[in-house]
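Okay, so here's the structure we're looking at.
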Amino acid sequence: MTIDPKIIEFFNKRKKVFITTHVRPDGDAVGSSLALFHFLRLQGHYAMLSFPSMFPDFHKWFPGIEEALIFPHKQSRIKQFLEGADLIIAVDFNDLKRNAELGKYLNELNVAKMLIDHHPNPANGFAFSVWNTAYCAAGEAVFDLIEAIDKNALKDQKIASCLYAAIISDSGSFRFPAVTEKTFGIASKLLASGIDHSQIQRDVYDNFTERRLRFWGHCVTEKMEILEEFNAAFIPITKEDFLKFGTKASDTENLVNFPMSIKHVNISVILVEHADFIKFSFRSKDDFPVNELAEKYFNGGGHVNAAGGESKSNMETAIQELKDSLKMWSKGI
Ligand SMILES: [Mn+2]
């Protein structure tokens with residue numbers, strides 16, 4: 001994608017830039033925001049990176065992640081930095097006001113805002129944007145931006161590793177439909193910078209604790225149900241399940257992809273019990289639009305093959321709502 005020349009011109013002078021990403025940051029969120037943070041610093045800008053909530057331990061390997069400030073822990077430092085900031089950049093999400101306390105705070109600030117993202121239907125109010133739903137990961141958007149401003153920076157190992165990790169995280173290691181010829185072109189350029197791609201794959205995917213893997217086993221053997229008539233699988237996970245294995249909601253990251261390895265399963269859903277709501281994650285094969293299902297019935301949205309939503313009901317009712325939604329969807333209601 002061609003980058004708006006106004007963006008390139010903006011970064012010609014030293015700027016004070018605040019970068020953030022979505023709540024419960026996943027591999028793409030962490031990798032793409034961190035790559036941008038390293039890049040802006042390398043270019044001599046005054047940059048701060050903040051996550052609206054803590055990241056899971058298995059992201060600790062990301063180079064430089066310890067420099068990210070967690071909003072609830074470092075509120076005053078963050079608010080101080082934002083005084084006189086030139087730009088706020090939202091990476092891998094597209095609506096500040098729907099992004100926890102930090103997002104709401106940023107939304108109210110009279111500071112120019114920039115969007116770097118690949119989710120459909122972004123909110124209004126961004127002065128600049130590097131946005132396209134054709135990007136398989138926000139990491140591709142950050143790659144385009146960096147390449148347009150100073151492609152030599154892509155040789156930086158930290159930047160290249162973070163971008164590679166972002167892309168493999170959101171693409172299931174280049175296997176989801178959103179992957180394009182361009183994705184492989186980007187991967188090829190990142191490899192040319194000398195990164196250890198196999199080590200990054202291990203850092204992203206082979207990072208389980210024993211308890212996390214046993215918890216996944218429990219989810220599959222004890223909790224997963226198959227809805228044959230919809231070629232769907234779902235896994236409801238309650239507080240008791242987490243308690244039994246000493247795991248957290250973040251240990252379910254990627255679990256939703258697991259039932260998709262069953263040949264005839266085309267839709268996979270996990271339902272995770274939080275304090276006062278049930279969080280839904282949806283995945284699908286081919287052109288089944290889980291984002292539309294999530295939007296219509298579960299106050300959510302996302303991509304065609306990967307989306308999220310929620311229900312304020314208890315688990316039992318939420319499961320029924322899921323079954324009903326699939327039934328209604330199949331009847332076109
Ligand atoms: Mn993403």
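Chain lettering (A, B, ...) mirrors the order of the structure tokens, residue numbering begins at 1 for each chain separately, and ligand numbering begins at 1 in order of display.
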
Expected answer as a PyMOL selection string: residues within 7 Å of ligand 1, only C-alpha atoms and all ligand atoms: chain A and resi 28-29+92+118+137-138+170

Strand (DSSP E or B) positions in segment 16-259 of chain A, given as a JSON list (two decimals) with N, CA and C atoms, in the first residue's frame:
```json
[["chain", "number", "residue", "atom", "x", "y", "z"],
["A", 16, "LYS", "N", 7.11, 13.82, 19.27],
["A", 16, "LYS", "CA", 6.82, 13.12, 20.52],
["A", 16, "LYS", "C", 5.59, 12.25, 20.26],
["A", 17, "VAL", "N", 5.81, 10.94, 20.28],
["A", 17, "VAL", "CA", 4.78, 10.02, 19.78],
["A", 17, "VAL", "C", 4.41, 8.97, 20.84],
["A", 18, "PHE", "N", 3.13, 8.83, 21.04],
["A", 18, "PHE", "CA", 2.61, 7.82, 21.97],
["A", 18, "PHE", "C", 1.98, 6.68, 21.18],
["A", 19, "ILE", "N", 2.44, 5.46, 21.45],
["A", 19, "ILE", "CA", 1.93, 4.29, 20.70],
["A", 19, "ILE", "C", 1.16, 3.39, 21.65],
["A", 20, "THR", "N", 0.03, 2.91, 21.20],
["A", 20, "THR", "CA", -0.69, 1.92, 22.01],
["A", 20, "THR", "C", -1.37, 0.89, 21.13],
["A", 21, "THR", "N", -1.80, -0.18, 21.76],
["A", 21, "THR", "CA", -2.48, -1.25, 21.03],
["A", 21, "THR", "C", -3.65, -1.75, 21.86],
["A", 46, "TYR", "N", 10.87, 10.93, 20.02],
["A", 46, "TYR", "CA", 10.67, 10.69, 21.44],
["A", 46, "TYR", "C", 9.40, 9.84, 21.54],
["A", 47, "ALA", "N", 9.56, 8.55, 21.79],
["A", 47, "ALA", "CA", 8.42, 7.64, 21.71],
["A", 47, "ALA", "C", 8.15, 6.93, 23.03],
["A", 48, "MET", "N", 6.87, 6.69, 23.27],
["A", 48, "MET", "CA", 6.47, 5.87, 24.43],
["A", 48, "MET", "C", 5.50, 4.81, 23.91],
["A", 49, "LEU", "N", 5.64, 3.59, 24.43],
["A", 49, "LEU", "CA", 4.71, 2.51, 24.10],
["A", 49, "LEU", "C", 3.98, 2.09, 25.36],
["A", 50, "SER", "N", 2.68, 2.00, 25.26],
["A", 50, "SER", "CA", 1.90, 1.57, 26.43],
["A", 50, "SER", "C", 0.83, 0.57, 26.04],
["A", 51, "PHE", "N", 0.68, -0.47, 26.87],
["A", 51, "PHE", "CA", -0.41, -1.44, 26.68],
["A", 51, "PHE", "C", -1.52, -1.12, 27.68],
["A", 69, "LEU", "N", 4.97, 0.39, 28.88],
["A", 69, "LEU", "CA", 4.36, 0.73, 30.16],
["A", 69, "LEU", "C", 2.92, 0.23, 30.19],
["A", 70, "ILE", "N", 2.57, -0.42, 31.28],
["A", 70, "ILE", "CA", 1.19, -0.93, 31.43],
["A", 70, "ILE", "C", 0.36, 0.19, 32.05],
["A", 87, "LEU", "N", 1.51, 13.15, 18.61],
["A", 87, "LEU", "CA", 0.72, 12.14, 17.91],
["A", 87, "LEU", "C", 0.45, 10.94, 18.82],
["A", 88, "ILE", "N", -0.76, 10.40, 18.68],
["A", 88, "ILE", "CA", -1.12, 9.14, 19.34],
["A", 88, "ILE", "C", -1.35, 8.12, 18.23],
["A", 89, "ILE", "N", -0.67, 6.97, 18.29],
["A", 89, "ILE", "CA", -0.87, 5.95, 17.25],
["A", 89, "ILE", "C", -1.56, 4.73, 17.82],
["A", 90, "ALA", "N", -2.67, 4.35, 17.21],
["A", 90, "ALA", "CA", -3.42, 3.15, 17.59],
["A", 90, "ALA", "C", -3.01, 2.03, 16.63],
["A", 91, "VAL", "N", -2.44, 0.96, 17.17],
["A", 91, "VAL", "CA", -1.96, -0.14, 16.34],
["A", 91, "VAL", "C", -2.78, -1.41, 16.59],
["A", 113, "LYS", "N", -4.30, 11.97, 15.96],
["A", 113, "LYS", "CA", -4.31, 10.52, 16.10],
["A", 113, "LYS", "C", -4.08, 9.83, 14.76],
["A", 114, "MET", "N", -3.40, 8.70, 14.85],
["A", 114, "MET", "CA", -3.08, 7.94, 13.64],
["A", 114, "MET", "C", -3.51, 6.49, 13.83],
["A", 115, "LEU", "N", -4.00, 5.91, 12.74],
["A", 115, "LEU", "CA", -4.46, 4.52, 12.78],
["A", 115, "LEU", "C", -3.52, 3.64, 11.96],
["A", 116, "ILE", "N", -3.08, 2.54, 12.56],
["A", 116, "ILE", "CA", -2.30, 1.53, 11.81],
["A", 116, "ILE", "C", -2.98, 0.20, 12.08],
["A", 117, "ASP", "N", -3.74, -0.29, 11.10],
["A", 117, "ASP", "CA", -4.63, -1.40, 11.45],
["A", 117, "ASP", "C", -5.13, -2.16, 10.23],
["A", 128, "PHE", "N", -4.28, 10.60, 10.39],
["A", 128, "PHE", "CA", -3.49, 9.81, 9.44],
["A", 128, "PHE", "C", -3.91, 8.35, 9.55],
["A", 129, "SER", "N", -3.76, 7.61, 8.45],
["A", 129, "SER", "CA", -3.99, 6.18, 8.61],
["A", 129, "SER", "C", -3.19, 5.35, 7.62],
["A", 130, "VAL", "N", -2.74, 4.20, 8.14],
["A", 130, "VAL", "CA", -2.17, 3.14, 7.30],
["A", 130, "VAL", "C", -3.09, 1.96, 7.60],
["A", 131, "TRP", "N", -4.12, 1.84, 6.81],
["A", 131, "TRP", "CA", -5.19, 0.91, 7.15],
["A", 131, "TRP", "C", -5.65, 0.20, 5.89],
["A", 225, "GLU", "N", -17.46, -29.49, 22.44],
["A", 225, "GLU", "CA", -18.64, -30.13, 21.86],
["A", 225, "GLU", "C", -18.66, -29.84, 20.36],
["A", 226, "ILE", "N", -19.16, -30.83, 19.63],
["A", 226, "ILE", "CA", -19.27, -30.66, 18.18],
["A", 226, "ILE", "C", -20.74, -30.52, 17.82],
["A", 227, "LEU", "N", -21.05, -29.50, 17.04],
["A", 227, "LEU", "CA", -22.42, -29.33, 16.54],
["A", 227, "LEU", "C", -22.42, -29.78, 15.08],
["A", 232, "ALA", "N", -19.64, -27.22, 13.32],
["A", 232, "ALA", "CA", -19.05, -26.28, 14.27],
["A", 232, "ALA", "C", -18.58, -27.01, 15.52],
["A", 233, "ALA", "N", -17.58, -26.45, 16.16],
["A", 233, "ALA", "CA", -17.12, -26.95, 17.46],
["A", 233, "ALA", "C", -17.09, -25.77, 18.42],
["A", 234, "PHE", "N", -17.39, -26.04, 19.69],
["A", 234, "PHE", "CA", -17.21, -24.96, 20.67],
["A", 234, "PHE", "C", -16.67, -25.51, 21.98],
["A", 235, "ILE", "N", -15.97, -24.65, 22.70],
["A", 235, "ILE", "CA", -15.39, -25.02, 24.00],
["A", 235, "ILE", "C", -15.77, -23.95, 25.02],
["A", 236, "PRO", "N", -16.62, -24.31, 26.00],
["A", 236, "PRO", "CA", -16.94, -23.36, 27.06],
["A", 236, "PRO", "C", -15.94, -23.51, 28.21],
["A", 237, "ILE", "N", -15.35, -22.42, 28.64],
["A", 237, "ILE", "CA", -14.33, -22.49, 29.70],
["A", 237, "ILE", "C", -14.76, -21.61, 30.86]]
```

Selected residue of minimal separation from Thr247 of chain A among A:Gln199, A:Thr209, A:Ser188, A:Asn266, counting only C-alpha atoms: A:Thr209

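Near Met224 of chain A, within 12 Å and counting only C-alpha atoms, sit Trp216, Gly217, His218, Cys219, Ala232, Ala233, Phe234, Ile235, Pro236, Ile237, Leu255, Val256, Phe258, Pro259, Met260, Ile262, Ser268, Val269, Ile270, Leu271 and Ile319 of chain A; same-chain residues fewer than 5 positions away were not included.
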
For atom CA of Leu109 of chain A and atom CA of Val23 of chain A, the interatomic separation in Å (one decimal): 18.9 Å

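Counting only C-alpha atoms and comparing A:Ser161, A:Glu273, A:Ser193, A:Gly332, the residue that lies closest to Glu292 of chain A is A:Gly332.
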
Surrounding residues of Ser173 of chain A excluding itself and chain neighbours under 2 positions, 12 Å, only C-alpha atoms, as a PyMOL selection string: chain A and resi 27-28+136-137+164-171+175-179+183-184+187+197-198+200-202+204-205

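Going from atom CA of Asn291 of chain A over to atom CA of His303 of chain A, you cover 5.4 Å.
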
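Restricting the calculation to only C-alpha atoms, the smallest distance between Phe11 of chain A and any of A:Ile149, A:Leu106, A:Leu82, A:Gln320 is found for A:Ile149.
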
Residues of segment 2-232 of chain A in alpha helix (DSSP H) according to DSSP, as a compact mmCIF listing (two decimals) with C-alpha atoms, in the first residue's frame?
```txt
# COMPACT_ATOMS: atom_id res chain seq x y z
CA PRO A 5 3.15 11.53 1.71
CA LYS A 6 1.79 13.70 4.55
CA ILE A 7 2.71 10.92 6.98
CA ILE A 8 6.26 10.75 5.68
CA GLU A 9 6.54 14.53 5.87
CA PHE A 10 5.18 14.53 9.44
CA GLY A 27 1.26 -11.51 19.14
CA ASP A 28 0.35 -9.14 16.32
CA ALA A 29 -0.52 -6.33 18.73
CA VAL A 30 2.72 -6.70 20.68
CA GLY A 31 4.97 -7.31 17.66
CA SER A 32 3.62 -4.54 15.46
CA SER A 33 3.44 -1.87 18.17
CA LEU A 34 6.89 -2.79 19.49
CA ALA A 35 8.44 -2.74 16.00
CA LEU A 36 7.00 0.74 15.48
CA PHE A 37 8.30 1.85 18.87
CA HIS A 38 11.84 0.63 18.08
CA PHE A 39 11.68 2.26 14.66
CA LEU A 40 10.56 5.68 15.89
CA ARG A 41 13.28 5.70 18.54
CA LEU A 42 15.87 4.67 15.98
CA GLN A 75 -0.86 6.13 34.78
CA SER A 76 0.84 9.29 35.97
CA ARG A 77 3.99 8.80 33.86
CA ILE A 78 1.85 8.11 30.81
CA LYS A 79 -0.40 11.13 31.38
CA GLN A 80 2.64 13.32 31.86
CA PHE A 81 4.15 12.11 28.57
CA LEU A 82 0.89 12.80 26.76
CA ALA A 100 -10.37 0.09 28.20
CA GLU A 101 -9.53 3.05 30.45
CA LEU A 102 -6.45 4.07 28.46
CA GLY A 103 -8.39 4.20 25.20
CA LYS A 104 -11.14 6.32 26.72
CA TYR A 105 -8.56 8.69 28.14
CA LEU A 106 -6.74 9.00 24.79
CA ASN A 107 -9.98 9.51 22.92
CA GLU A 108 -10.73 12.66 24.90
CA ALA A 138 -1.06 -5.07 11.58
CA GLY A 139 2.61 -6.07 11.23
CA GLU A 140 2.23 -5.74 7.44
CA ALA A 141 0.96 -2.17 7.84
CA VAL A 142 3.88 -1.25 10.09
CA PHE A 143 6.23 -2.86 7.55
CA ASP A 144 4.79 -0.66 4.78
CA LEU A 145 5.18 2.47 6.90
CA ILE A 146 8.78 1.71 7.85
CA GLU A 147 9.69 0.76 4.29
CA ALA A 148 8.29 4.07 3.04
CA ILE A 149 10.14 6.19 5.61
CA ASP A 150 13.50 4.41 5.86
CA GLN A 157 17.11 -7.24 14.19
CA LYS A 158 14.68 -6.10 16.86
CA ILE A 159 12.38 -4.46 14.32
CA ALA A 160 12.54 -7.35 11.84
CA SER A 161 11.99 -9.99 14.56
CA CYS A 162 8.99 -8.15 16.01
CA LEU A 163 7.41 -7.75 12.57
CA TYR A 164 8.00 -11.39 11.67
CA ALA A 165 6.45 -12.50 14.96
CA ALA A 166 3.45 -10.20 14.40
CA ILE A 167 2.82 -11.65 10.95
CA ILE A 168 3.15 -15.31 11.91
CA SER A 169 0.94 -14.72 14.97
CA ASP A 170 -2.01 -13.35 13.00
CA SER A 171 -1.59 -15.62 9.99
CA GLU A 181 1.79 -12.96 -2.19
CA LYS A 182 2.72 -9.68 -0.55
CA THR A 183 2.89 -11.39 2.86
CA PHE A 184 5.54 -13.76 1.55
CA GLY A 185 7.34 -10.81 -0.05
CA ILE A 186 7.49 -9.10 3.34
CA ALA A 187 8.61 -12.32 5.05
CA SER A 188 11.34 -12.70 2.46
CA LYS A 189 12.63 -9.17 3.09
CA LEU A 190 12.58 -9.73 6.85
CA LEU A 191 14.53 -12.97 6.47
CA ALA A 192 17.07 -11.12 4.35
CA HIS A 197 12.88 -17.27 11.73
CA SER A 198 12.84 -20.76 13.20
CA GLN A 199 13.66 -19.43 16.66
CA ILE A 200 10.85 -16.86 16.31
CA GLN A 201 8.40 -19.65 15.39
CA ARG A 202 9.45 -21.46 18.58
CA ASP A 203 9.18 -18.26 20.63
CA VAL A 204 5.65 -17.66 19.32
CA TYR A 205 4.27 -21.21 19.26
CA GLU A 210 3.18 -27.76 31.15
CA ARG A 211 0.01 -26.64 32.93
CA ARG A 212 -1.12 -24.69 29.88
CA LEU A 213 -0.80 -27.74 27.61
CA ARG A 214 -2.60 -29.98 30.14
CA PHE A 215 -5.31 -27.31 30.36
CA TRP A 216 -5.69 -27.40 26.56
CA GLY A 217 -5.96 -31.19 26.77
CA HIS A 218 -8.70 -30.82 29.33
```

Separation of atom CA of Asp286 of chain A from atom CA of Ala318 of chain A, in Å and rounded to one decimal: 25.3 Å

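Distances to Ala306 of chain A were evaluated for A:Lys97, A:Lys13, A:Lys155, A:His119 using only C-alpha atoms, and the minimum falls at A:His119.
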
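Each of A:Thr238, A:Ser250, A:Asn132, A:Asn121 was compared to Glu295 of chain A using only C-alpha atoms, and A:Asn121 turns out to be the nearest.
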
Residue contacts of Leu326 of chain A (10 Å, only C-alpha atoms) excluding same-chain residues fewer than 2 positions away, as a PDB file with N, CA and C atoms, in the first residue's frame:
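Generated file (out-v5.pdb):
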```pdb
ATOM      1  N   LEU A 227     -21.053 -29.504  17.036  1.00  0.00           N
ATOM      2  CA  LEU A 227     -22.421 -29.332  16.541  1.00  0.00           C
ATOM      3  C   LEU A 227     -22.419 -29.783  15.079  1.00  0.00           C
ATOM      4  N   GLU A 229     -24.573 -30.482  12.829  1.00  0.00           N
ATOM      5  CA  GLU A 229     -25.398 -29.878  11.770  1.00  0.00           C
ATOM      6  C   GLU A 229     -24.848 -28.550  11.257  1.00  0.00           C
ATOM      7  N   PHE A 230     -23.958 -27.926  12.039  1.00  0.00           N
ATOM      8  CA  PHE A 230     -23.369 -26.653  11.580  1.00  0.00           C
ATOM      9  C   PHE A 230     -21.876 -26.793  11.253  1.00  0.00           C
ATOM     10  N   ALA A 232     -19.644 -27.216  13.318  1.00  0.00           N
ATOM     11  CA  ALA A 232     -19.045 -26.278  14.268  1.00  0.00           C
ATOM     12  C   ALA A 232     -18.580 -27.015  15.524  1.00  0.00           C
ATOM     13  N   LEU A 293     -21.521 -12.760  12.154  1.00  0.00           N
ATOM     14  CA  LEU A 293     -22.225 -13.500  13.211  1.00  0.00           C
ATOM     15  C   LEU A 293     -21.992 -12.812  14.567  1.00  0.00           C
ATOM     16  N   TYR A 297     -25.099 -11.016  16.665  1.00  0.00           N
ATOM     17  CA  TYR A 297     -25.650 -11.641  17.879  1.00  0.00           C
ATOM     18  C   TYR A 297     -24.837 -11.403  19.156  1.00  0.00           C
ATOM     19  N   GLN A 320     -26.446 -21.549  24.922  1.00  0.00           N
ATOM     20  CA  GLN A 320     -27.723 -21.606  24.210  1.00  0.00           C
ATOM     21  C   GLN A 320     -27.805 -20.485  23.168  1.00  0.00           C
ATOM     22  N   GLU A 321     -27.316 -19.316  23.539  1.00  0.00           N
ATOM     23  CA  GLU A 321     -27.312 -18.182  22.594  1.00  0.00           C
ATOM     24  C   GLU A 321     -26.461 -18.507  21.363  1.00  0.00           C
ATOM     25  N   LEU A 322     -25.360 -19.189  21.610  1.00  0.00           N
ATOM     26  CA  LEU A 322     -24.491 -19.577  20.483  1.00  0.00           C
ATOM     27  C   LEU A 322     -25.227 -20.531  19.542  1.00  0.00           C
ATOM     28  N   LYS A 323     -25.855 -21.559  20.150  1.00  0.00           N
ATOM     29  CA  LYS A 323     -26.594 -22.536  19.330  1.00  0.00           C
ATOM     30  C   LYS A 323     -27.718 -21.845  18.565  1.00  0.00           C
ATOM     31  N   ASP A 324     -28.439 -20.961  19.261  1.00  0.00           N
ATOM     32  CA  ASP A 324     -29.541 -20.248  18.605  1.00  0.00           C
ATOM     33  C   ASP A 324     -29.037 -19.378  17.459  1.00  0.00           C
ATOM     34  N   MET A 328     -30.255 -19.564  13.690  1.00  0.00           N
ATOM     35  CA  MET A 328     -30.856 -18.405  13.003  1.00  0.00           C
ATOM     36  C   MET A 328     -30.036 -18.026  11.788  1.00  0.00           C
ATOM     37  N   TRP A 329     -28.714 -18.069  11.941  1.00  0.00           N
ATOM     38  CA  TRP A 329     -27.831 -17.716  10.822  1.00  0.00           C
ATOM     39  C   TRP A 329     -28.081 -18.649   9.628  1.00  0.00           C
ATOM     40  N   SER A 330     -28.211 -19.960   9.957  1.00  0.00           N
ATOM     41  CA  SER A 330     -28.390 -20.938   8.870  1.00  0.00           C
ATOM     42  C   SER A 330     -29.732 -20.750   8.166  1.00  0.00           C
ATOM     43  N   LYS A 331     -30.685 -20.144   8.894  1.00  0.00           N
ATOM     44  CA  LYS A 331     -31.986 -19.885   8.286  1.00  0.00           C
ATOM     45  C   LYS A 331     -32.066 -18.471   7.705  1.00  0.00           C
ATOM     46  N   GLY A 332     -30.971 -17.747   7.837  1.00  0.00           N
ATOM     47  CA  GLY A 332     -30.927 -16.392   7.284  1.00  0.00           C
ATOM     48  C   GLY A 332     -31.715 -15.372   8.081  1.00  0.00           C
ATOM     49  N   ILE A 333     -31.905 -15.657   9.391  1.00  0.00           N
ATOM     50  CA  ILE A 333     -32.655 -14.698  10.233  1.00  0.00           C
ATOM     51  C   ILE A 333     -31.676 -13.715  10.876  1.00  0.00           C
TER      52      ILE A 333
END
```

Top pick for closest residue to Asp206 of chain A, considering A:Val304, A:Gly44, A:Asn12, A:Trp61 and counting only C-alpha atoms: A:Trp61

Could you pull the residues within 9 Å of Phe280 of chain A, counting only C-alpha atoms, minus those fewer than 6 positions along the same chain, as a compact mmCIF listing (two decimals) with C-alpha atoms, in the first residue's frame?
```txt
# COMPACT_ATOMS: atom_id res chain seq x y z
CA VAL A 269 -15.84 -20.95 19.03
CA ILE A 270 -14.47 -20.63 22.52
CA LEU A 271 -16.47 -19.09 25.33
CA VAL A 272 -14.43 -17.80 28.24
CA ALA A 294 -20.37 -11.82 16.08
CA PHE A 298 -22.72 -10.96 20.22
CA GLY A 300 -18.67 -7.85 18.47
CA ALA A 307 -13.74 -12.40 15.27
CA GLY A 308 -14.76 -11.75 18.86
CA GLY A 309 -17.88 -10.93 20.80
CA GLU A 310 -19.45 -11.16 24.24
CA SER A 311 -22.58 -11.95 26.21
```
